[in-house]
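The structure appears right after this line, and notes come after that.
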Amino acid sequence: MDAIILQVLNGLDKGSAYALIALGLTLIFGTLGVVNFAHGALFMIGAFCAVTLSRILTLSHTIIDDTKTDFLGNPLKVEVPYIYDIFGQATGDVIIDWAVPLSILFSIPVMVAIGFAMERGLIKHFYKRPHADQILVTFGLAIVLQEIIKYFYGANPIPTPAPAAFTGSFDFGAMLGFDPNTIIYPYWRLVYFAFSAIIIGAVFAFLQFTTFGMVVRAGMADRETVGLLGINIDKRFTIMFGIAAAVAGLAGVMYAPINSPNYHMGMDFLVLSFVVVVVGGMGSLSGAVLAGFLLGILESFASMGAVLEVLPGINQIIIYLVAIIILLTRPRGLMGRKGVMEE
Amino acid sequence: MGILEVKNVGKRFGGLQALGDVNLSVAENSVHAIIGPNGAGKSTLLNCLVGKLIPDTGSVSFDGQSVLGRKPYEINQMGISRVFQTPEIFGDLSVLENMMIPCFAKRDGAFELNGISSVSSQKDILERAEHMLEDMNMADKRHMTASSMSRGDKRRLEIGMCLSQEPRLLLLDEPTAGMARADTNNTIDLLKQISEERDITIAIIEHDMHVVFSLAERITVLAQGTPLVEDTPDNIKGHPKVREAYLGETQTAA
Amino acid sequence: MFGLTKKDTTLLIIVAVLAIFAPFILNPFPEGSAMAQFNAGYPDLMQRLVIFGIFAIGFNILFGLTGYLSFGHAAFLGVGSYAAIWMMKLLTMNVIPAIMISVIVAGLFSLLVGWISLRRSGIYFSILTLAFAQMSYSLAYSVLTPITGGETGLQPKVDDPRILDGALQSGQTPRANLFGLEMGTSYEMVVGNWVFTFNAGYYIAAIVMLLAFYLSIRIFRSPFGMMLRAVKSNQQRLNYTGLNSKPYTLAAFVISGMYAGLAGGLLVAMDTQVGAERMFWTASGEVVLMTILGGAGTLIGPVLGAGFIKYMENIVSKINKSILEQWFAFMPDGMEDFFITIVYPFIGKGWHLTLGLMFMMVVIFLPGGLVQGGQKIAGLFRGKKASDDAADGKTTPAE
């Protein structure tokens with residue numbers, strides 16, 4: 001029992017990331033009808049927003065500290081972050097420590113701007129082109145984006161720690177009455193899950209309760225009719241693309257402490273997220289979220305020692321295997337709508 | 001016993017009974033029209049005949065053999081060719097190639113892995129396709145890309161493609177929908193000529209009464225998924241039930 | 001000639017001439033000159049040019065003719081490579097059985113993958129193939145390590161059984177050969193300052209490529225090829241014309257899988273090693289790019305695309321900062337630095353950035369690839385005449 005709970009928990013953080021990326025993919029696909037292979041790159045750029053902000057915050061200048069001396073007796077040169085000059089050392093340290101959560105604020109305008117630029121500059125011209133062309137051009141864009149990041153940040157993963165307050169682990173086992181230390185779970189992963197849940201909730205609420213969201217949902221169901229009503233659907237869809245980019249970016253920002261950002265993390269997640277979208281059902285938002293968590297948890301179960309003994313390597317392929325079975329038995333995915341992406 | 005026998009066919013989509021209890025017999029070498037107001041179930045019925053839909057109840061047999069459960073290509077190979085509402089042709093291929101493909105289907109069946117010999121060495125197919133193009137008065141267009149032709153020419157090509165398979169039954173789904181008057185009249189003349197010159201049965205679904213009364217020998221009127229009446233054109237014109245259900249409004253509209 | 005039309009024969013002859021004289025064509029600059037780094041006439045690169053040409057020719061039979069976009073073809077190349085290397089370990093270092101088995105195994109594997117993936121079309125098909133390729137890659141890296149060598153990959157070893165070959169003495173290395181002719185054998189011709197290398201492995205690969213190219217012309221011009229184009233154009237009409245589109249697409253899929261296996265077997269024949277990264281999905285993306293860049297659905301496009309990309313990859317990634325400084329040395333200092341800063345990200349390790357940009361540019365501005373670009377330019381020169389036969393030219397796949 002405790003093992004099962006542990007695996008469910010372990011699946012949550014990856015599942016959250018899948019769900020958030022898949023949600024953005026589905027929003028873009030459902031509204032704009034575009035298959036966006038560059039969506040993983042947006043996730044990756046989000047993670048690098050966190051890296052960037054923590055670098056900006058630790059930008060330093062050198063001062064000579066007269067109170068300390070080095071071993072030769074000369075006054076010691078120390079690096080002092082600019083942030084100390086503004087807020088003082090104590091507050092400055094806290095701000096640096098909280099770089100990742102602070103990046104949320106930093107990343108939203110950045111991601112929305114990137115999203116707008118992408119949609120207006122590139123994607124817009126591909127609405128009427130075949131899906132194969134859309135796949136190919138966004139695939140090219142994904143390569144370009146990740147290579148730009150690689151140029152500026154190098155090829156190695158960049159550790160980006162969570163605030164010190166979240167570095168420990170939470171002992172679920174003790175709380176639920178199992179032996180202590182059987183179900184321990186890092187705080188930050190818990191935060192990530194909660195954060196994802198809030199974002200997902202916010203997106204759904206936005207679509208459900210605002211006029212804007214209503215138009216977008218109507219557009220997803222029947223674009224032509226909404227266009228005929230004289231509503232400027234294109235402008236709204238541009239905004240939708242910005243939102244989808246922000247969702248992917250936020251998923252990346254908060255994921256940085258879990259997995260040190262590297263330039264190819266976007267591609268790794270993209271392939272799986274596409275599989276998630278297909279399993280959930282192309283064009284179904286709730287399907288994307290459900291499938292994201294489901295596959296994340298499934299993957300974590302497949303990584304259990306007991307399972308691997310019986311089926312070695314199953315953790316590597318379980319998601320693909322499920323996708324193949326789903327596609328063959330339920331072509332529309334778990335919650336897919338009729339008529340989406342069928343000939 | 002007709003060449004096409006539809007017995008007690010019913011089809012339901014969720015809560016909608018699209019076809020109630022359809023019985024229909026199409027006599028060999030006749031021109032049989034199926035008419036009815038929008039939503040009468042004409043297209044559903046047609047889709048049940050060609051394998052796109054499988055009816056919930058009843059049977060459909062062609063020349064004594066059941067067509068139910070067979071794939072569209074198998075039904076075609078039995079001798080039923082279908083013309084679509086909007087012309088379905090191979091837009092990227094040349095007109096001549098369009099005409100050759102059904103000839104290959106007729107000669108080689110549903111699948112033949114002939115990857116080595118060149119198309120231009122298939123003299124019999126070429127001859128047959130050229131001949132058909134001449135019959136259709138399209139020989140001068142043979143090297144055009146099919147998608148670049150006018151709608152009327154596409155329709156003509158599609159009918160020609162179907163005929164080149166020498167089908168025993170030709171199904172037409174509103175063949176003149178969206179056509180200009182001149183194109184419509186050309187199509188009527190073409191179909192008349194076909195039915196006179198060939199041993200072929202034609203079943204036609206049509207909205208345009210002008211087309212129906214120019215061509216059909218028998219007419220079935222479908223309303224709300226069930227056949228209302230079946231008779232000759234003259235009797236249908238005067239039939240009170242039909243007037244009430246359908247014709248009155250259409251005639252004034254036309 | 002060879003059952004081809006005059007136009008196609010000309011095309012085949014052009015490709016054959018290019019392949020035969022590649023050691024000259026690709027080595028235009030004298031040794032030791034500043035431009036010598038742009039020479040590509042060395043065996044390793046020339047082999048890869050033609051082998052990836054084969055890969056792309058095969059991919060084009062599927063994607064160019066039927067329009068089904070597979071994102072998993074590198075898996076077939078990888079499977080072919082593994083099969084070939086096992087032939088070399090178990091049977092003989094002669095490349096013939098290795099290449100034959102790689103085609104067969106890749107064919108069987110693509111039959112399985114195709115049979116499942118082709119139940120869906122459009123983007124679902126692309127994702128299914130991608131899923132299969134990623135599965136193969138993951139398995140090759142982990143569980144299948146006894147067969148694939150995992151991270152280290154596989155090479156023939158001195159103490160492998162090799163039933164048909166005599167035992168090697170210690171110190172000898174097993175070398176791939178064709179009835180005794182080693183793949184690495186080269187003849188160097190020195191003409192003045194130029195050195196031209198004629199390599200046995202390259203010419204064997206080139207002959208195979210020419211055969212593969214010839215076969216693809218036959219397929220393009222055959223009734224089967226016409227049916228595949230009909231699948232792309234209007235699958236519904238095809239099915240209502242009494243033709244079963246499934247076996248046609250499956251046959252195209254398997255043929256292109258066998259081409260990929262052939263390329264994989266040849267790669268092993270040349271460098272006698274294989275690793276799982278050959279199956280990674282970026283490798284699948286690369287063959288898509290080669291085909292698109294050259295011109296999908298055209299005969300010569302994939303060959304051009306493969307050659308272009310492999311050549312560029314090799315050249316661009318060799319350029320470094322000091323070479324740039326040489327180039328821009330004529331400029332005033334400030335301007336020189338500026339240009340170097342601009343160009344630097346795209347060269348050397350930045351090759352993938354250039355590749356990605358090229359990919360986007362081609363899809364955006366030149367969906368028909370280099371072949372279409374060439375036709376457009378030729379059209380400009382020929383002026384009105386070109387527009388006259390445009391209608392005719394569109395109906396047959398361009399060369």
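As shown in the structure tokens, the chain order sets the letters A, B, ...; within each chain, residues go from 1, and ligands are also counted from 1 in the order they appear.
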- [ ] Can you list, as an MDAnalysis selection string, all residues belonging to segment 121-160 of chain A that DSSP tags as helix (DSSP H, G or I)?
- [x] chainID A and resid 121 123:126 131:153
Could you save the residues just selected, with C-alpha atoms, as a PDB file, in the first residue's frame?
```pdb
ATOM      1  CA  GLY A 121       5.346  36.021 -37.306  1.00  0.00           C
ATOM      2  CA  ILE A 123       2.143  30.246 -37.303  1.00  0.00           C
ATOM      3  CA  LYS A 124      -0.420  32.640 -38.790  1.00  0.00           C
ATOM      4  CA  HIS A 125       0.848  31.882 -42.263  1.00  0.00           C
ATOM      5  CA  PHE A 126       0.344  28.162 -41.771  1.00  0.00           C
ATOM      6  CA  HIS A 131      -0.662  19.539 -41.151  1.00  0.00           C
ATOM      7  CA  ALA A 132       2.566  18.043 -42.464  1.00  0.00           C
ATOM      8  CA  ASP A 133       3.844  21.548 -43.278  1.00  0.00           C
ATOM      9  CA  GLN A 134       2.851  22.795 -39.832  1.00  0.00           C
ATOM     10  CA  ILE A 135       4.675  19.920 -38.197  1.00  0.00           C
ATOM     11  CA  LEU A 136       7.757  20.552 -40.292  1.00  0.00           C
ATOM     12  CA  VAL A 137       7.989  24.305 -39.819  1.00  0.00           C
ATOM     13  CA  THR A 138       7.435  24.148 -36.072  1.00  0.00           C
ATOM     14  CA  PHE A 139       9.914  21.288 -35.872  1.00  0.00           C
ATOM     15  CA  GLY A 140      12.447  23.577 -37.558  1.00  0.00           C
ATOM     16  CA  LEU A 141      11.547  26.368 -35.141  1.00  0.00           C
ATOM     17  CA  ALA A 142      12.041  24.028 -32.197  1.00  0.00           C
ATOM     18  CA  ILE A 143      15.553  23.216 -33.401  1.00  0.00           C
ATOM     19  CA  VAL A 144      16.323  26.925 -33.833  1.00  0.00           C
ATOM     20  CA  LEU A 145      15.027  27.867 -30.377  1.00  0.00           C
ATOM     21  CA  GLN A 146      16.938  25.135 -28.612  1.00  0.00           C
ATOM     22  CA  GLU A 147      20.128  25.947 -30.483  1.00  0.00           C
ATOM     23  CA  ILE A 148      19.836  29.621 -29.546  1.00  0.00           C
ATOM     24  CA  ILE A 149      19.509  28.635 -25.887  1.00  0.00           C
ATOM     25  CA  LYS A 150      22.454  26.289 -26.282  1.00  0.00           C
ATOM     26  CA  TYR A 151      24.527  29.115 -27.753  1.00  0.00           C
ATOM     27  CA  PHE A 152      23.903  31.406 -24.814  1.00  0.00           C
ATOM     28  CA  TYR A 153      23.743  28.918 -21.959  1.00  0.00           C
TER      29      TYR A 153
END
```
Would you list which chain C residues are within 6 Å of chain A using only C-alpha atoms, as a compact mmCIF listing (two decimals) with N, CA and C atoms, in the first residue's frame?
```txt
# COMPACT_ATOMS: atom_id res chain seq x y z
N ALA C 131 6.27 7.08 -31.97
CA ALA C 131 6.23 6.28 -30.76
C ALA C 131 7.00 4.97 -30.94
N MET C 135 10.34 3.93 -28.91
CA MET C 135 10.36 2.67 -28.17
C MET C 135 11.58 1.85 -28.55
N SER C 138 14.65 3.44 -26.98
CA SER C 138 14.75 3.21 -25.53
C SER C 138 15.14 1.78 -25.24
N VAL C 143 17.07 -2.49 -22.12
CA VAL C 143 16.87 -3.93 -21.94
C VAL C 143 17.59 -4.77 -22.98
N LEU C 353 21.81 25.06 -35.63
CA LEU C 353 21.04 26.30 -35.76
C LEU C 353 20.83 26.62 -37.24
N GLY C 356 18.30 24.16 -38.60
CA GLY C 356 16.92 24.49 -38.22
C GLY C 356 16.40 25.65 -39.04
N PHE C 359 15.67 24.57 -42.55
CA PHE C 359 14.44 23.79 -42.51
C PHE C 359 13.23 24.72 -42.60
N MET C 360 13.23 25.76 -41.73
CA MET C 360 12.10 26.69 -41.72
C MET C 360 11.98 27.44 -43.04
N VAL C 363 10.49 25.21 -45.76
CA VAL C 363 9.06 24.95 -45.64
C VAL C 363 8.26 26.22 -45.92
```
- [ ] List the neighbours of Ser136 of chain C out to 8 Å using only C-alpha atoms; skip same-chain residues closer than 3 positions along the sequence, and give me the result as JSON, numbers by chain.
- [x] {"C": [75, 132, 133, 139, 140, 279]}
Residues of chain B near chain C: apply a cut-off of 9 Å, count only C-alpha atoms, and supply the list as a short mmCIF file (atom, residue, chain, number, x, y, z; two decimals) with N, CA and C atoms, in the first residue's frame.
```
data_model
loop_
_atom_site.label_atom_id
_atom_site.label_comp_id
_atom_site.auth_asym_id
_atom_site.auth_seq_id
_atom_site.Cartn_x
_atom_site.Cartn_y
_atom_site.Cartn_z
N VAL B 50 -23.24 1.69 -50.46
CA VAL B 50 -21.86 1.62 -50.93
C VAL B 50 -20.87 1.21 -49.85
N LYS B 71 -16.45 -3.74 -47.67
CA LYS B 71 -15.80 -2.43 -47.74
C LYS B 71 -16.16 -1.74 -49.06
N PRO B 72 -16.08 -0.41 -49.09
CA PRO B 72 -16.41 0.30 -50.33
C PRO B 72 -15.71 -0.26 -51.57
N TYR B 73 -14.42 -0.62 -51.44
CA TYR B 73 -13.73 -1.10 -52.65
C TYR B 73 -14.25 -2.46 -53.09
N GLU B 74 -14.69 -3.27 -52.11
CA GLU B 74 -15.23 -4.59 -52.48
C GLU B 74 -16.57 -4.43 -53.20
N ILE B 75 -17.37 -3.49 -52.69
CA ILE B 75 -18.67 -3.26 -53.32
C ILE B 75 -18.48 -2.71 -54.73
N ASN B 76 -17.50 -1.86 -54.88
CA ASN B 76 -17.20 -1.34 -56.21
C ASN B 76 -16.81 -2.48 -57.15
N GLN B 77 -15.99 -3.38 -56.63
CA GLN B 77 -15.55 -4.50 -57.48
C GLN B 77 -16.72 -5.42 -57.86
N MET B 78 -17.82 -5.38 -57.06
CA MET B 78 -19.00 -6.17 -57.43
C MET B 78 -19.71 -5.57 -58.63
N SER B 81 -20.66 1.57 -59.04
CA SER B 81 -19.80 2.74 -59.03
C SER B 81 -20.57 3.93 -58.50
N ARG B 82 -19.86 4.80 -57.80
CA ARG B 82 -20.54 5.94 -57.18
C ARG B 82 -19.98 7.26 -57.67
N GLU B 88 -15.44 13.91 -56.93
CA GLU B 88 -14.25 13.36 -56.27
C GLU B 88 -13.36 12.75 -57.36
N ILE B 89 -12.28 13.48 -57.64
CA ILE B 89 -11.34 12.98 -58.64
C ILE B 89 -9.94 13.09 -58.03
N PHE B 90 -8.92 12.61 -58.77
CA PHE B 90 -7.55 12.74 -58.27
C PHE B 90 -6.99 14.07 -58.77
N GLY B 91 -7.17 15.11 -57.93
CA GLY B 91 -6.88 16.47 -58.37
C GLY B 91 -5.45 16.70 -58.82
N ASP B 92 -4.49 16.00 -58.20
CA ASP B 92 -3.08 16.26 -58.52
C ASP B 92 -2.62 15.51 -59.76
N LEU B 93 -3.46 14.58 -60.24
CA LEU B 93 -3.04 13.76 -61.37
C LEU B 93 -3.60 14.34 -62.67
N SER B 94 -3.06 13.91 -63.77
CA SER B 94 -3.56 14.39 -65.05
C SER B 94 -4.90 13.71 -65.35
N VAL B 95 -5.63 14.30 -66.28
CA VAL B 95 -6.93 13.75 -66.65
C VAL B 95 -6.78 12.32 -67.15
N GLU B 97 -4.40 10.17 -66.42
CA GLU B 97 -4.09 9.28 -65.29
C GLU B 97 -5.34 8.99 -64.47
N ASN B 98 -6.17 10.01 -64.29
CA ASN B 98 -7.44 9.82 -63.60
C ASN B 98 -8.25 8.71 -64.26
N ILE B 101 -6.73 4.98 -63.76
CA ILE B 101 -6.80 4.28 -62.47
C ILE B 101 -8.00 3.32 -62.38
N PRO B 102 -9.21 3.77 -62.75
CA PRO B 102 -10.30 2.79 -62.74
C PRO B 102 -10.08 1.65 -63.74
N PHE B 104 -7.22 0.25 -64.36
CA PHE B 104 -6.38 -0.70 -63.63
C PHE B 104 -7.22 -1.49 -62.63
N ALA B 105 -8.13 -0.79 -61.95
CA ALA B 105 -8.95 -1.46 -60.94
C ALA B 105 -9.80 -2.54 -61.59
N LYS B 106 -10.27 -2.24 -62.82
CA LYS B 106 -11.11 -3.20 -63.53
C LYS B 106 -10.27 -4.42 -63.95
N GLY B 109 -7.95 -5.79 -60.33
CA GLY B 109 -8.57 -6.00 -59.02
C GLY B 109 -8.12 -4.98 -58.00
N ALA B 110 -8.44 -5.28 -56.73
CA ALA B 110 -8.29 -4.27 -55.67
C ALA B 110 -6.84 -3.95 -55.34
N PHE B 111 -5.93 -4.89 -55.60
CA PHE B 111 -4.52 -4.61 -55.31
C PHE B 111 -3.63 -5.42 -56.22
N GLU B 112 -2.66 -4.74 -56.80
CA GLU B 112 -1.71 -5.42 -57.66
C GLU B 112 -0.37 -4.70 -57.50
N LEU B 113 0.62 -5.43 -57.04
CA LEU B 113 1.92 -4.80 -56.81
C LEU B 113 2.71 -4.82 -58.11
N ASN B 114 2.46 -3.80 -58.93
CA ASN B 114 3.15 -3.73 -60.20
C ASN B 114 4.08 -2.53 -60.18
N GLY B 115 5.23 -2.72 -59.54
CA GLY B 115 6.11 -1.59 -59.29
C GLY B 115 7.25 -1.45 -60.28
N ILE B 116 7.35 -2.34 -61.26
CA ILE B 116 8.51 -2.30 -62.13
C ILE B 116 8.17 -1.85 -63.54
N SER B 117 7.10 -2.41 -64.11
CA SER B 117 6.78 -2.03 -65.50
C SER B 117 6.28 -0.59 -65.50
N SER B 118 6.53 0.11 -66.60
CA SER B 118 6.15 1.51 -66.61
C SER B 118 4.69 1.66 -67.03
N VAL B 119 4.08 2.75 -66.59
CA VAL B 119 2.68 3.00 -66.92
C VAL B 119 2.50 3.05 -68.43
N SER B 120 3.48 3.67 -69.11
CA SER B 120 3.31 3.86 -70.56
C SER B 120 3.41 2.55 -71.33
N GLN B 122 1.63 -0.02 -70.52
CA GLN B 122 0.34 -0.69 -70.34
C GLN B 122 -0.59 -0.28 -71.48
N HIS B 143 -3.91 15.98 -70.85
CA HIS B 143 -2.70 16.29 -70.09
C HIS B 143 -2.89 17.39 -69.05
N MET B 144 -4.12 17.85 -68.94
CA MET B 144 -4.37 18.87 -67.91
C MET B 144 -4.33 18.25 -66.51
N THR B 145 -3.93 19.05 -65.52
CA THR B 145 -4.07 18.62 -64.14
C THR B 145 -5.56 18.66 -63.80
N ALA B 146 -6.06 17.56 -63.26
CA ALA B 146 -7.51 17.42 -63.11
C ALA B 146 -8.12 18.55 -62.28
N SER B 148 -7.49 21.55 -62.19
CA SER B 148 -7.57 22.86 -62.81
C SER B 148 -8.77 22.99 -63.75
N MET B 161 -14.89 8.17 -65.37
CA MET B 161 -14.08 7.22 -64.59
C MET B 161 -14.94 6.06 -64.11
N CYS B 162 -16.14 6.38 -63.66
CA CYS B 162 -17.04 5.32 -63.19
C CYS B 162 -17.42 4.40 -64.35
N GLN B 165 -15.16 1.56 -65.71
CA GLN B 165 -15.12 0.27 -65.00
C GLN B 165 -16.24 -0.66 -65.47
#
```
Task: Selection: 10 Å around Arg189 of chain A, only C-alpha atoms, excl. self and same-chain fewer than 3 positions, as number ranges by chain - done: A: 9-10, 12-14, 16, 166-167, 169-170, 185-186, 192-195, 254-255, 257-258
Task: strand (DSSP E) residues, from DSSP on the backbone, in segment 3-226 of chain A, as a ChimeraX atom specification - done: /A:60-69,75-81,169-171,184-186
Mind writing the picked residues with N, CA and C atoms as a CSV table (one decimal), in the first residue's frame?
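Resulting contents of again-v6.csv:
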```csv
chain,number,residue,atom,x,y,z
A,60,SER,N,27.0,40.7,-9.8
A,60,SER,CA,27.7,41.2,-8.7
A,60,SER,C,28.7,42.3,-9.1
A,61,HIS,N,29.2,43.1,-8.2
A,61,HIS,CA,30.3,43.9,-8.5
A,61,HIS,C,31.3,43.7,-7.3
A,62,THR,N,32.5,44.1,-7.6
A,62,THR,CA,33.6,43.8,-6.6
A,62,THR,C,33.8,45.0,-5.7
A,63,ILE,N,33.8,44.7,-4.4
A,63,ILE,CA,34.2,45.8,-3.5
A,63,ILE,C,35.3,45.3,-2.6
A,64,ILE,N,36.0,46.3,-2.0
A,64,ILE,CA,37.1,45.9,-1.1
A,64,ILE,C,36.6,46.0,0.3
A,65,ASP,N,36.7,44.8,0.9
A,65,ASP,CA,36.1,44.8,2.3
A,65,ASP,C,37.3,45.0,3.3
A,66,ASP,N,37.3,46.1,3.9
A,66,ASP,CA,38.4,46.5,4.8
A,66,ASP,C,38.4,45.7,6.1
A,67,THR,N,37.3,45.1,6.4
A,67,THR,CA,37.2,44.4,7.7
A,67,THR,C,37.9,43.1,7.6
A,68,LYS,N,38.0,42.5,6.4
A,68,LYS,CA,38.6,41.2,6.3
A,68,LYS,C,39.9,41.3,5.5
A,69,THR,N,40.8,40.4,5.8
A,69,THR,CA,42.1,40.4,5.0
A,69,THR,C,42.4,39.0,4.6
A,75,PRO,N,43.6,43.9,2.1
A,75,PRO,CA,42.2,43.9,2.3
A,75,PRO,C,41.5,42.9,1.3
A,76,LEU,N,40.5,42.2,1.6
A,76,LEU,CA,39.9,41.2,0.8
A,76,LEU,C,38.9,41.8,-0.2
A,77,LYS,N,39.0,41.3,-1.4
A,77,LYS,CA,38.0,41.7,-2.4
A,77,LYS,C,36.9,40.7,-2.3
A,78,VAL,N,35.7,41.3,-2.3
A,78,VAL,CA,34.5,40.4,-2.3
A,78,VAL,C,33.5,40.8,-3.3
A,79,GLU,N,32.8,39.7,-3.8
A,79,GLU,CA,31.8,40.0,-4.8
A,79,GLU,C,30.5,40.3,-4.1
A,80,VAL,N,29.9,41.4,-4.4
A,80,VAL,CA,28.6,41.7,-3.8
A,80,VAL,C,27.5,41.9,-4.8
A,81,PRO,N,26.5,41.1,-4.7
A,81,PRO,CA,25.4,41.2,-5.7
A,81,PRO,C,24.8,42.6,-5.6
A,169,SER,N,12.1,17.1,2.7
A,169,SER,CA,11.0,16.2,2.2
A,169,SER,C,9.9,16.1,3.2
A,170,PHE,N,8.8,15.7,2.8
A,170,PHE,CA,7.7,15.6,3.6
A,170,PHE,C,7.4,14.1,3.9
A,171,ASP,N,7.2,13.7,5.1
A,171,ASP,CA,7.0,12.3,5.4
A,171,ASP,C,5.5,12.0,5.4
A,184,ILE,N,8.4,9.2,1.6
A,184,ILE,CA,8.8,10.6,1.7
A,184,ILE,C,8.8,11.3,0.4
A,185,TYR,N,8.5,12.6,0.4
A,185,TYR,CA,8.2,13.2,-0.8
A,185,TYR,C,8.8,14.6,-0.7
A,186,PRO,N,9.6,15.0,-1.7
A,186,PRO,CA,10.3,16.4,-1.6
A,186,PRO,C,9.2,17.5,-1.6
```
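Between atom CA of Ala162 of chain A and atom CA of Ile4 of chain A there is a distance of 26.7 Å.
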